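Colleague: Next comes upload_3.txt, compact mmCIF, C-alpha atoms and all ligand atoms:
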# COMPACT_ATOMS: atom_id res chain seq x y z
CA MET A 1 14.23 5.59 23.03
CA ARG A 2 11.40 3.18 22.26
CA LYS A 3 8.28 4.83 20.92
CA LYS A 4 4.66 3.99 20.26
CA ILE A 5 3.71 4.93 16.70
CA ALA A 6 0.15 5.12 15.34
CA VAL A 7 -0.60 5.05 11.63
CA ILE A 8 -3.68 5.61 9.47
CA THR A 9 -4.43 5.48 5.76
CA SER A 10 -6.81 8.29 4.94
CA GLY A 11 -8.87 9.74 2.09
CA GLY A 12 -8.85 8.18 -1.37
CA ASP A 13 -6.98 4.88 -1.16
CA ALA A 14 -3.93 4.56 -3.38
CA PRO A 15 -2.00 1.50 -4.58
CA GLY A 16 1.12 1.29 -2.43
CA MET A 17 -0.50 2.34 0.86
CA ASN A 18 -0.10 -1.24 2.12
CA ALA A 19 3.54 -1.30 1.05
CA CYS A 20 4.04 1.86 3.08
CA VAL A 21 2.33 0.45 6.19
CA ARG A 22 4.58 -2.60 5.88
CA ALA A 23 7.72 -0.45 5.61
CA ILE A 24 6.73 1.57 8.68
CA VAL A 25 6.17 -1.60 10.71
CA LEU A 26 9.42 -3.23 9.59
CA ALA A 27 11.49 -0.10 10.18
CA ALA A 28 9.83 0.53 13.55
CA ASN A 29 10.46 -3.06 14.59
CA ARG A 30 14.14 -2.63 13.83
CA TYR A 31 14.31 0.21 16.37
CA GLY A 32 12.15 -1.55 18.94
CA HIS A 33 9.12 0.75 18.43
CA GLN A 34 5.55 -0.49 18.75
CA VAL A 35 3.05 0.25 15.95
CA ILE A 36 -0.74 0.34 15.99
CA GLY A 37 -3.02 1.13 13.06
CA PHE A 38 -6.29 3.04 13.53
CA LYS A 39 -8.92 1.81 11.09
CA HIS A 40 -10.99 3.73 8.53
CA GLY A 41 -8.77 6.82 8.50
CA TYR A 42 -9.47 9.51 11.09
CA ASN A 43 -12.77 7.76 11.94
CA GLY A 44 -10.84 4.99 13.71
CA LEU A 45 -8.94 7.58 15.71
CA ILE A 46 -12.18 9.20 16.84
CA GLU A 47 -13.83 5.83 17.56
CA ASN A 48 -10.64 4.47 19.13
CA GLU A 49 -10.78 1.49 16.76
CA TYR A 50 -7.31 0.13 16.15
CA LYS A 51 -5.20 -3.01 15.77
CA GLU A 52 -1.64 -3.91 16.63
CA LEU A 53 0.60 -4.02 13.58
CA THR A 54 3.27 -6.69 13.90
CA VAL A 55 5.87 -7.93 11.46
CA GLU A 56 3.69 -11.02 10.91
CA SER A 57 0.55 -8.98 10.23
CA VAL A 58 2.18 -7.07 7.35
CA GLN A 59 3.67 -10.10 5.65
CA HIS A 60 3.07 -10.11 1.87
CA ILE A 61 0.88 -7.02 1.89
CA ILE A 62 3.44 -5.20 -0.29
CA LYS A 63 1.66 -6.51 -3.39
CA LEU A 64 -1.89 -5.66 -2.35
CA GLY A 65 -3.97 -2.75 -3.65
CA GLY A 66 -6.41 -0.95 -1.35
CA THR A 67 -5.45 -0.72 2.32
CA ILE A 68 -5.56 -3.33 5.09
CA LEU A 69 -6.33 -0.49 7.53
CA LYS A 70 -9.31 0.64 5.41
CA SER A 71 -9.72 4.27 4.49
CA ALA A 72 -12.40 6.93 4.59
CA ARG A 73 -13.13 10.60 4.43
CA CYS A 74 -14.05 11.85 7.90
CA GLU A 75 -16.45 14.74 8.31
CA PRO A 76 -16.48 14.56 12.17
CA PHE A 77 -12.72 15.20 12.21
CA THR A 78 -13.30 18.65 10.69
CA THR A 79 -15.32 19.67 13.77
CA ASP A 80 -13.82 20.87 17.06
CA LYS A 81 -15.51 18.01 18.90
CA GLY A 82 -14.04 15.40 16.54
CA LEU A 83 -10.59 16.95 16.76
CA THR A 84 -10.68 16.98 20.57
CA THR A 85 -11.74 13.33 20.68
CA ALA A 86 -8.95 12.41 18.26
CA VAL A 87 -6.35 14.26 20.37
CA ASN A 88 -7.65 12.63 23.57
CA ASN A 89 -7.42 9.16 22.01
CA LEU A 90 -3.83 9.75 20.94
CA SER A 91 -2.96 10.70 24.52
CA ARG A 92 -5.05 7.91 26.05
CA ASN A 93 -3.20 5.33 23.92
CA GLU A 94 0.15 6.92 24.87
CA ILE A 95 1.07 7.54 21.26
CA ASP A 96 4.42 9.29 20.72
CA ALA A 97 4.22 9.70 16.94
CA PHE A 98 1.32 9.72 14.50
CA ILE A 99 1.82 8.95 10.79
CA VAL A 100 -0.86 9.74 8.21
CA ILE A 101 -0.63 8.23 4.74
CA GLY A 102 -2.96 10.24 2.53
CA GLY A 103 -3.54 13.15 0.21
CA ASP A 104 -4.25 16.85 0.41
CA GLY A 105 -7.27 16.80 2.77
CA SER A 106 -5.73 14.22 5.10
CA LEU A 107 -2.51 16.20 5.48
CA ARG A 108 -4.43 19.45 6.07
CA GLY A 109 -6.23 17.59 8.86
CA LEU A 110 -2.91 16.41 10.27
CA ASP A 111 -1.54 19.94 10.26
CA ARG A 112 -4.61 21.12 12.19
CA LEU A 113 -4.20 18.28 14.68
CA SER A 114 -0.54 19.18 15.20
CA LYS A 115 -1.63 22.54 16.67
CA HIS A 116 -3.55 20.72 19.44
CA TRP A 117 -1.35 17.72 20.25
CA ASP A 118 2.30 17.76 21.28
CA GLY A 119 3.31 14.35 19.90
CA GLN A 120 5.20 14.00 16.62
CA VAL A 121 3.12 14.13 13.42
CA ILE A 122 4.45 12.91 10.07
CA GLY A 123 2.65 12.88 6.72
CA VAL A 124 3.33 10.45 3.88
CA PRO A 125 2.03 11.36 0.38
CA GLY A 126 -0.45 8.63 -0.55
CA THR A 127 -2.78 9.63 -3.37
CA ILE A 128 -3.17 8.77 -7.03
CA ASP A 129 -3.55 12.50 -7.83
CA ASN A 130 0.13 13.48 -7.40
CA ASP A 131 -1.06 16.95 -6.37
CA LEU A 132 1.19 17.44 -3.34
CA SER A 133 4.31 19.61 -3.36
CA GLY A 134 7.46 18.36 -1.66
CA THR A 135 7.68 15.13 -3.63
CA ASP A 136 8.12 14.29 -7.32
CA ASN A 137 5.66 11.40 -7.07
CA THR A 138 2.98 10.49 -4.58
CA ILE A 139 2.44 6.84 -3.70
CA GLY A 140 -0.13 5.37 -6.13
CA TYR A 141 0.29 7.88 -8.94
CA GLN A 142 2.43 5.68 -11.21
CA THR A 143 0.05 2.73 -10.79
CA ALA A 144 -2.94 4.95 -11.62
CA ILE A 145 -1.25 6.12 -14.84
CA ASP A 146 -0.64 2.52 -15.89
CA THR A 147 -4.23 1.57 -15.08
CA ALA A 148 -5.61 4.50 -17.09
CA LEU A 149 -3.21 3.71 -19.90
CA ASP A 150 -4.29 0.09 -20.06
CA SER A 151 -7.93 1.19 -20.43
CA ILE A 152 -7.16 3.89 -23.00
CA ASP A 153 -5.17 1.41 -25.10
CA LYS A 154 -8.19 -0.91 -25.09
CA LEU A 155 -10.46 1.96 -25.98
CA ARG A 156 -8.23 2.77 -28.95
CA ASP A 157 -8.87 -0.69 -30.42
CA THR A 158 -12.62 -0.23 -30.50
CA ALA A 159 -12.33 3.48 -31.42
CA ASP A 160 -10.18 2.52 -34.42
CA ALA A 161 -12.55 -0.24 -35.46
CA PHE A 162 -15.51 2.16 -35.55
CA GLU A 163 -13.51 5.29 -36.43
CA ARG A 164 -15.07 6.98 -33.45
CA ILE A 165 -14.29 9.93 -31.22
CA PHE A 166 -13.94 9.04 -27.54
CA LEU A 167 -13.75 11.43 -24.60
CA VAL A 168 -12.05 9.67 -21.68
CA GLU A 169 -12.42 11.14 -18.20
CA VAL A 170 -9.62 10.43 -15.76
CA MET A 171 -9.28 11.27 -12.05
CA GLY A 172 -6.89 13.76 -10.47
CA ARG A 173 -9.13 15.86 -8.23
CA TYR A 174 -8.29 19.41 -9.43
CA ALA A 175 -4.92 18.60 -11.01
CA GLY A 176 -4.00 17.29 -14.44
CA PHE A 177 -1.14 14.91 -13.60
CA ILE A 178 -2.96 11.69 -14.50
CA ALA A 179 -4.62 13.31 -17.54
CA LEU A 180 -1.37 14.61 -19.01
CA ALA A 181 0.70 11.49 -18.33
CA SER A 182 -1.91 9.03 -19.60
CA ALA A 183 -2.58 11.17 -22.68
CA VAL A 184 1.10 11.35 -23.61
CA ALA A 185 1.69 7.66 -22.93
CA SER A 186 -1.35 6.57 -24.95
CA GLY A 187 -0.73 8.94 -27.86
CA ALA A 188 -4.09 10.62 -27.29
CA GLU A 189 -4.96 13.32 -29.81
CA GLN A 190 -6.07 15.79 -27.17
CA ALA A 191 -5.53 16.32 -23.44
CA LEU A 192 -7.59 18.80 -21.45
CA PHE A 193 -6.71 19.53 -17.85
CA PRO A 194 -7.26 22.43 -15.42
CA GLU A 195 -3.72 23.78 -15.71
CA SER A 196 -4.15 24.29 -19.47
CA ILE A 197 -7.70 25.65 -19.56
CA GLU A 198 -9.14 28.44 -17.44
CA ASP A 199 -12.74 28.36 -18.58
CA PRO A 200 -13.58 25.38 -20.80
CA HIS A 201 -16.72 27.07 -22.13
CA LEU A 202 -14.60 29.87 -23.57
CA GLU A 203 -12.34 27.25 -25.12
CA LEU A 204 -15.16 25.23 -26.64
CA GLU A 205 -14.65 26.79 -30.06
CA SER A 206 -10.98 25.81 -30.11
CA ILE A 207 -11.82 22.29 -28.88
CA VAL A 208 -14.31 21.94 -31.76
CA GLN A 209 -11.81 23.37 -34.22
CA HIS A 210 -9.22 20.94 -32.98
CA VAL A 211 -11.44 17.93 -33.56
CA GLU A 212 -12.46 19.14 -37.01
CA CYS A 213 -8.84 19.71 -37.99
CA LEU A 214 -7.83 16.29 -36.75
CA ARG A 215 -10.60 14.69 -38.80
CA LYS A 216 -9.36 16.55 -41.86
CA VAL A 217 -5.71 15.73 -41.31
CA LYS A 218 -6.16 12.15 -40.19
CA GLY A 219 -9.11 11.37 -42.42
CA LYS A 220 -11.95 9.37 -40.94
CA SER A 221 -10.15 7.82 -38.05
CA SER A 222 -10.29 7.38 -34.28
CA ILE A 223 -9.71 10.32 -31.97
CA ILE A 224 -9.08 10.00 -28.25
CA MET A 225 -9.37 13.00 -25.98
CA VAL A 226 -8.26 12.57 -22.37
CA ILE A 227 -10.07 14.95 -20.05
CA ALA A 228 -9.44 15.61 -16.37
CA GLU A 229 -12.40 15.22 -14.03
CA HIS A 230 -14.09 18.42 -12.80
CA LEU A 231 -12.93 20.26 -15.90
CA TRP A 232 -16.22 20.46 -17.73
CA PRO A 233 -19.38 21.07 -15.68
CA GLY A 234 -21.46 17.95 -16.25
CA GLY A 235 -18.36 15.89 -17.01
CA VAL A 236 -17.47 14.11 -20.23
CA THR A 237 -21.01 12.89 -20.80
CA ASP A 238 -22.17 16.48 -21.13
CA LEU A 239 -19.10 17.52 -23.13
CA ALA A 240 -19.58 14.59 -25.52
CA GLU A 241 -23.20 15.68 -26.13
CA THR A 242 -22.12 19.29 -26.66
CA LEU A 243 -19.40 18.29 -29.12
CA THR A 244 -21.71 15.90 -30.95
CA LYS A 245 -24.14 18.77 -31.55
CA GLN A 246 -21.40 21.18 -32.63
CA ILE A 247 -19.55 18.94 -35.07
CA GLY A 248 -22.35 16.64 -36.13
CA ILE A 249 -20.36 13.48 -35.44
CA GLU A 250 -21.23 11.26 -32.51
CA CYS A 251 -18.71 11.52 -29.66
CA ARG A 252 -18.74 8.82 -26.98
CA PRO A 253 -17.89 9.45 -23.31
CA CYS A 254 -15.98 6.98 -21.15
CA ILE A 255 -15.44 7.60 -17.43
CA LEU A 256 -12.61 5.50 -15.98
CA GLY A 257 -13.51 6.46 -12.39
CA HIS A 258 -12.47 4.46 -9.35
CA ILE A 259 -10.88 1.69 -11.43
CA GLN A 260 -7.86 4.01 -11.37
CA ARG A 261 -7.55 3.60 -7.60
CA GLY A 262 -7.49 -0.20 -7.60
CA GLY A 263 -5.07 -2.96 -8.50
CA ALA A 264 -1.69 -4.15 -7.34
CA PRO A 265 0.86 -1.35 -7.04
CA VAL A 266 3.47 -1.23 -9.80
CA ALA A 267 7.11 -1.76 -8.76
CA TYR A 268 7.77 1.99 -8.68
CA ASP A 269 5.02 2.58 -6.11
CA ARG A 270 6.08 -0.38 -3.97
CA ILE A 271 9.64 0.92 -3.88
CA LEU A 272 8.65 4.55 -3.27
CA ALA A 273 6.25 3.47 -0.49
CA THR A 274 9.01 1.37 1.10
CA LYS A 275 11.48 4.24 1.00
CA LEU A 276 9.04 6.82 2.36
CA GLY A 277 7.63 4.56 5.09
CA THR A 278 11.15 3.77 6.28
CA TYR A 279 12.17 7.42 6.10
CA ALA A 280 9.12 8.44 8.14
CA VAL A 281 10.35 6.23 10.99
CA GLU A 282 13.91 7.52 10.63
CA ILE A 283 12.85 11.13 11.02
CA ILE A 284 10.67 10.19 13.99
CA ASN A 285 13.89 8.89 15.55
CA GLU A 286 15.48 12.27 14.82
CA GLY A 287 12.66 14.01 16.67
CA GLN A 288 11.14 15.76 13.61
CA SER A 289 7.46 16.69 13.46
CA GLY A 290 4.95 18.67 11.36
CA VAL A 291 6.42 17.53 8.04
CA MET A 292 5.60 15.32 5.07
CA VAL A 293 8.26 12.96 3.79
CA GLY A 294 8.85 12.92 0.05
CA GLU A 295 11.36 12.20 -2.66
CA ILE A 296 12.79 14.82 -4.99
CA ASN A 297 15.37 13.87 -7.63
CA ASN A 298 15.71 10.47 -5.97
CA ARG A 299 16.57 11.89 -2.55
CA GLN A 300 14.37 11.63 0.51
CA CYS A 301 13.30 14.94 2.00
CA ALA A 302 10.84 16.44 4.47
CA HIS A 303 8.75 19.58 3.98
CA LYS A 304 6.43 21.48 6.29
CA LEU A 305 2.86 20.21 6.08
CA ASN A 306 1.37 23.60 5.20
CA TYR A 307 3.80 23.90 2.28
CA VAL A 308 2.91 20.56 0.69
CA TYR A 309 -0.82 21.23 0.47
CA SER A 310 -0.82 24.99 -0.14
CA GLU A 311 1.94 25.31 -2.74
CA GLN A 312 0.58 24.37 -6.15
CA LYS A 313 2.69 21.70 -7.80
CA ALA A 314 3.43 22.33 -11.46
CA LEU A 315 3.00 19.81 -14.23
CA ASP A 316 6.16 18.89 -16.12
CA PRO A 317 6.37 21.86 -18.55
CA TYR A 318 8.23 19.81 -21.14
CA LEU A 319 5.50 17.18 -21.18
CA VAL A 320 2.85 19.90 -21.51
CA LYS A 321 4.77 21.38 -24.45
CA ILE A 322 5.13 18.01 -26.13
CA GLN A 323 1.42 17.23 -25.80
CA GLN A 324 0.43 20.65 -27.09
CA ASN A 325 2.94 20.67 -29.95
CA ILE A 326 2.06 17.26 -31.27
CA PHE A 327 -1.53 18.19 -31.94
CA ASP A 328 -1.30 21.93 -32.21
CA VAL A 329 -4.37 23.37 -33.93
CA VAL A 330 -2.49 26.05 -35.86
CA GLN A 331 -0.01 23.51 -37.11
CA CYS A 332 -2.93 21.28 -37.94
CA LEU A 333 -4.62 24.06 -39.94
CA ASN A 334 -1.43 24.77 -41.87
CA GLN A 335 -1.16 21.12 -42.69
CA THR A 336 -4.75 21.03 -43.98
CA LYS A 337 -4.00 23.95 -46.28
CA THR A 338 -1.11 22.10 -47.85
CA LEU A 339 -3.04 18.87 -48.33
O1 LIG B 401 -7.99 11.85 -4.26
C1 LIG B 401 -8.21 10.64 -4.92
C2 LIG B 401 -9.49 10.70 -5.71
O2 LIG B 401 -9.65 9.45 -6.36
C3 LIG B 401 -9.59 11.85 -6.70
O3 LIG B 401 -8.88 11.60 -7.88
C4 LIG B 401 -11.08 11.95 -6.87
O4 LIG B 401 -11.46 13.25 -7.25
C5 LIG B 401 -11.61 11.61 -5.51
O5 LIG B 401 -10.59 10.89 -4.85
C6 LIG B 401 -12.86 10.79 -5.51
O6 LIG B 401 -13.27 10.66 -4.19
P1 LIG B 401 -14.38 9.64 -3.70
O7 LIG B 401 -13.83 8.25 -3.82
O8 LIG B 401 -14.63 10.03 -2.30
O9 LIG B 401 -15.55 9.83 -4.61
If you convert what's in this file into structure tokens, what do you get?
Ligand code: F6P

Modeller:
Amino acid sequence: MRKKIAVITSGGDAPGMNACVRAIVLAANRYGHQVIGFKHGYNGLIENEYKELTVESVQHIIKLGGTILKSARCEPFTTDKGLTTAVNNLSRNEIDAFIVIGGDGSLRGLDRLSKHWDGQVIGVPGTIDNDLSGTDNTIGYQTAIDTALDSIDKLRDTADAFERIFLVEVMGRYAGFIALASAVASGAEQALFPESIEDPHLELESIVQHVECLRKVKGKSSIIMVIAEHLWPGGVTDLAETLTKQIGIECRPCILGHIQRGGAPVAYDRILATKLGTYAVEIINEGQSGVMVGEINNRQCAHKLNYVYSEQKALDPYLVKIQQNIFDVVQCLNQTKTL
């Protein structure tokens, strides 16, 4: 049966969203489905602003960062009025299936919509944060790690030249996936993320101790600490000032910010986006609804929407152990004693 599919990209844009839109259009075309894209996330659905997505219109977008459909956060969609308008526009446009490529908030919104609309709803994990259960990687995460890594490597050059301490803030919303991965890959001396620290103020003493030990063990040399956003109230600028006062050595903050969301998607994200976009269309053909597509251990899967955003996804425990062991303070202290 031929269907009319609508798609949006929503919330924080992620490299690979375009590759996913392309895959949806190509797969849909193969089955004779029609695809339209609402613009600016849920806003376009409320405003009824959309464009036809044809095979021609998605040519060569696989390599583009950002999203050709534009993205946005949408406050009106959280209201009953906004939701009703969105549902009415889906019906008015005779949509059979609605695909949302986005992160936590966007998929929560989709789950809410599914309770008021009887078409098929499918989520696709598109966020640099990797904080959704039901998939090993979200689209955009691997590119964001590489982008952060590239910046941290550059920072190391200047940190080494001046023998400075740098505190690098990376994104991740309230999860430490980007922080941990970029810290391990860059050989950072310290990684602080929400999963490892309950109250950073209580841990300040051990953070200070850590830096002092590293200075003793390494001598006067560069130190890079990767810190997840939202971890320290006031961010890395405030933490750098606090540390500077405590240890008497100037610490410099560096916020990588939205740079992590931009750039061409790496091959991994293009391929993942292609697989998940295609799979989304396949499960629409099967009649599924209310799920997010994902990939676990290299196999495509689908999980209930409320599971993917409410079940906390764990960091790789082995990677956490490695990062903690390499620069363990106790070990560091023992080493100083034997020096
Ligand atoms: O969810 C993606 C993300 O980039 C998070 O890492 C970050 O906390 C947030 O979006 C920033 O949102 P905004 O671009 O709206 O400031």

Colleague: Smallest atom-to-atom distance to ligand LIG 401 (chain B): which of A:Asn137, A:Gln260, A:Asn298, A:Thr143, using only C-alpha atoms and all ligand atoms?

Modeller: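 Going through A:Asn137, A:Gln260, A:Asn298, A:Thr143 one by one, the smallest distance to ligand LIG 401 (chain B) is for A:Gln260.
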
Colleague: Could you report the residues within 10 Å of ligand LIG 401 (chain B), using only C-alpha atoms and all ligand atoms, as a PyMOL selection string?

Modeller: chain A and resi 10-14+72-73+102-106+126-131+140-141+144+170-176+178+228-230+257-262

Colleague: Find the residues near A:Ser186: any atom within 8 Å, counting only C-alpha atoms, skip ones fewer than 2 places away on the same chain, and give them as a ChimeraX atom specification.

Modeller: /A:149,152-153,182-184,188

Colleague: Just to confirm, what's the straight-line distance from atom CA of A:Ile5 to atom CA of A:Ala97 in Å (one decimal)?

Modeller: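 Atom CA of A:Ile5 sits 4.8 Å away from atom CA of A:Ala97.
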
Colleague: Measuring atom to atom with only C-alpha atoms, identify which of A:Ile249, A:Lys51, A:Glu195, A:Ala280 is nearest to A:Ser221.

Modeller: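 Of A:Ile249, A:Lys51, A:Glu195, A:Ala280, the one nearest A:Ser221, counting only C-alpha atoms, is A:Ile249.
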
Colleague: Could you list, as a list in words, every residue within 10 Å of A:Glu52, counting only C-alpha atoms and ignoring same-chain residues fewer than 6 positions away?

Modeller: Ala6, Gln34, Val35, Ile36, Gly37 and Phe38 of chain A

Colleague: Ranking A:Glu198, A:Asp146, A:Asp111, A:Asp118 by minimum distance to A:Tyr309 and counting all atoms listed in the file, which one comes first?

Modeller: A:Asp111

Colleague: Looking at all atoms listed in the file, which of A:Ser196, A:Asn325, A:Arg22, A:Leu167 is the one that sits closest to A:Glu241?

Modeller: A:Leu167

Colleague: Name all residues at most 9 Å from A:Val87 (count only C-alpha atoms; drop same-chain ones fewer than 5 positions away) and give them as a list in words.

Modeller: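 Those residues are Leu45, Ile46, Gly82, Arg92, Leu113, His116 and Trp117 of chain A.
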
Colleague: Using all atoms listed in the file, collect all residues at a distance of at most 9 Å from (4.0, -1.0, 4.6) as written in the file, then present them as a ChimeraX atom specification.

Modeller: /A:16-26,58,61-62,270,273-274,277-278

Colleague: Between atom CA of A:Glu47 and atom CA of A:Ala28, what is the distance in Å, rounded to a tenth?

Modeller: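 Atom CA of A:Ala28 lies at a distance of 24.6 Å from atom CA of A:Glu47.
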
Colleague: Give me stretch 183-219 of chain A from this structure - C-alpha atoms, as an mmCIF file, in the first residue's frame.

Modeller:
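The result, written out as selection.cif:
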data_model
loop_
_atom_site.group_PDB
_atom_site.id
_atom_site.type_symbol
_atom_site.label_atom_id
_atom_site.label_comp_id
_atom_site.auth_asym_id
_atom_site.auth_seq_id
_atom_site.Cartn_x
_atom_site.Cartn_y
_atom_site.Cartn_z
ATOM 1 C CA ALA A 183 38.980 12.671 26.887
ATOM 2 C CA VAL A 184 40.108 9.096 26.255
ATOM 3 C CA ALA A 185 40.849 9.738 22.579
ATOM 4 C CA SER A 186 42.849 12.894 23.299
ATOM 5 C CA GLY A 187 44.760 11.458 26.260
ATOM 6 C CA ALA A 188 43.326 14.127 28.555
ATOM 7 C CA GLU A 189 44.628 14.012 32.123
ATOM 8 C CA GLN A 190 41.190 14.370 33.663
ATOM 9 C CA ALA A 191 37.576 13.806 32.588
ATOM 10 C CA LEU A 192 34.660 15.035 34.667
ATOM 11 C CA PHE A 193 31.126 14.082 33.709
ATOM 12 C CA PRO A 194 27.783 13.762 35.525
ATOM 13 C CA GLU A 195 27.883 9.968 35.739
ATOM 14 C CA SER A 196 31.157 10.091 37.696
ATOM 15 C CA ILE A 197 30.435 13.021 40.015
ATOM 16 C CA GLU A 198 27.337 13.567 42.122
ATOM 17 C CA ASP A 199 28.107 16.973 43.580
ATOM 18 C CA PRO A 200 31.162 18.641 42.038
ATOM 19 C CA HIS A 201 31.516 21.039 44.981
ATOM 20 C CA LEU A 202 32.035 18.088 47.307
ATOM 21 C CA GLU A 203 34.619 16.733 44.897
ATOM 22 C CA LEU A 204 36.506 19.998 44.547
ATOM 23 C CA GLU A 205 39.171 18.909 47.012
ATOM 24 C CA SER A 206 39.889 15.736 45.038
ATOM 25 C CA ILE A 207 39.940 17.694 41.761
ATOM 26 C CA VAL A 208 42.515 20.068 43.281
ATOM 27 C CA GLN A 209 44.510 17.162 44.670
ATOM 28 C CA HIS A 210 44.459 15.520 41.289
ATOM 29 C CA VAL A 211 45.879 18.572 39.536
ATOM 30 C CA GLU A 212 48.564 19.040 42.182
ATOM 31 C CA CYS A 213 49.593 15.393 41.931
ATOM 32 C CA LEU A 214 49.756 15.561 38.172
ATOM 33 C CA ARG A 215 51.988 18.626 38.370
ATOM 34 C CA LYS A 216 54.279 16.762 40.745
ATOM 35 C CA VAL A 217 54.379 13.585 38.706
ATOM 36 C CA LYS A 218 54.587 15.189 35.287
ATOM 37 C CA GLY A 219 56.678 18.154 36.331
#
